[in-house]
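Remarks on the structure that follows.
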Amino acid sequence: MKVVLFCGGLGTRLRDYGNNIPKPLVPIGYRPVLWHVMKYYAHFGHKDFILCLGYRADKIKDYFLHYDECVSNDFTMSAGGKAIDLKQSDIQDWKITFVDTGLNSNIGTRLRQVAPYLEGEEMFLANYSDGLTDYELPQMVEAFRLSGKTGAFLCAPPSQTFHVVKLQPDGVVNDIRYVRDTNLLINCGFFVFRQNIFDYLKPGDDLVGPPFQRLMEVGQLMGFPCQNFWAMDTFREQQELTDLYERGEAAWVLWKNETLAGENRKP
């Protein structure tokens, strides 16, 4: 299936990292978060990407136009560096369509603008391009396919450490707990849609707003709970994800973790 990635946001909560870098290019380890998201989908065989660009679209285009396979792959160098023999490749079999969907467009508008690139697709995937997970995507896709519904997404407990407070009418606190200790779930942004999502998406609509309300009214929206989800909304979270990656504890790196697990099982 094709994968639509929303890459046009300003990433204002990550401005500590630098104003000239679009959020999808903020690095985790030696590759940007966008690459990690794309590798996740490619791991499950989904390698046809549509990037909805906006803020600093030139940076994202330039990154892939000058992509260096040697950074994240083993290789043999000979002839004084004139000959490079790559042992494997990241993106050689990827197809990436770059679409400028506007600087200030909301997610729904960006999705409508790439609709022509999705013609003929019974189902397609979509993502905000700033969240990571080790969720087994084929399970979600197959369950959604069998359901006949129009849209679905992963949902998970929020990762933030703030407290949720309940007040009595007189203002007295009668409950306070970490948000992760509640039964609250957030939208993780790992979407799967059928083509008729565009029947619910009107001009100017944001995606998670009126369109989802319309879907809920007719029972056409599903949620799949996920316990492991890593969001990158702040500079601190970017640092935490980088630390996990550098310690070899990045559970979302399925393309490496499953290979290593197989090697460890060898007699």
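Convention: chains lettered A, B, ... in structure tokens order; per-chain residue numbering from 1; ligands numbered from 1 as shown.
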
May I have the residues within 9 Å of segment 106-119 of chain A as a ChimeraX atom specification, using only C-alpha atoms and disregarding those fewer than 3 positions away in the same chain?
/A:2,4,6,8-9,50-53,97,99-102,122-124,128,195,198,201-208,211

Looking only at strand (DSSP E or B) from DSSP on the backbone, list the matching residues of segment 8-132 of chain A as number ranges by chain.
A: 27-28, 31-32, 48-53, 75-78, 83-86, 95-100, 123-127, 131-132

With only C-alpha atoms as the counted atoms, please give the residues lying no more than 9 Å from Ala251 of chain A, apart from itself and same-chain residues fewer than 3 positions off, as a VMD selection string.
chain A and resid 133 to 134 228 244 to 245 248 254 257

Within 10 Å of segment 165-168 of chain A, which residues of segment 177-225 of chain A show up? Give each one with its shortest atom-to-atom distance in Å (one decimal) and the two atoms involved, counting only C-alpha atoms, rows by chain then rising residue number, as a Markdown table.
| residue | atom | partner | partner_atom | distance |
| --- | --- | --- | --- | --- |
| A:Arg177 | CA | A:Val165 | CA | 6.9 |
| A:Tyr178 | CA | A:Val165 | CA | 9.0 |
| A:Val179 | CA | A:Val165 | CA | 9.2 |

Near Ser72 of chain A, within 9 Å and counting only C-alpha atoms, which residues show up once chain neighbours fewer than 4 positions away are dropped, as a PyMOL selection string?
chain A and resi 30-31+68+89-90

Atoms to include: C-alpha atoms. Write the selected residues as a compact mmCIF listing (two decimals), in the first residue's frame.
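As written to disk, out_35.txt reads:
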# COMPACT_ATOMS: atom_id res chain seq x y z
CA TYR A 30 22.46 9.47 12.59
CA ARG A 31 19.19 9.56 10.60
CA ASP A 68 24.23 8.80 1.34
CA SER A 89 20.67 -0.62 0.81
CA ASP A 90 18.11 1.52 2.63

Atom CA of Arg194 of chain A to atom CA of Val3 of chain A measures 12.4 Å

Taking only C-alpha atoms into account, which of A:Ser129, A:Gly81, A:Asp48, A:Met216 comes nearest Pro32 of chain A?
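The answer is A:Ser129, which sits nearest to Pro32 of chain A.
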
Close residues, Leu221 of chain A itself excluded, 8 Å, only C-alpha atoms, min 4 positions apart in chain, as a ChimeraX atom specification
/A:149-152,212,215-216

With a distance cut-off of 9 Å and only C-alpha atoms, select the neighbouring residues of Leu137 of chain A, excluding the residue or stretch itself and same-chain residues fewer than 4 positions from it, and output the selection as a ChimeraX atom specification.
/A:41,44,141-142

Which residue of A:Lys47, A:Asn73, A:Phe98, A:Ala156 approaches Tyr135 of chain A most closely, using only C-alpha atoms
A:Ala156

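Atom CA of Cys226 of chain A is found 19.7 Å from atom CA of Val33 of chain A.
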
For Trp35 of chain A, work out the shell of residues within 12 Å, counting only C-alpha atoms and skipping chain neighbours fewer than 6 positions away, then give it as a VMD selection string.
chain A and resid 5 7 23 to 29 41 to 43 47 49 51 60 63 to 64 67 72 90 to 91 94 96 129 to 132 253
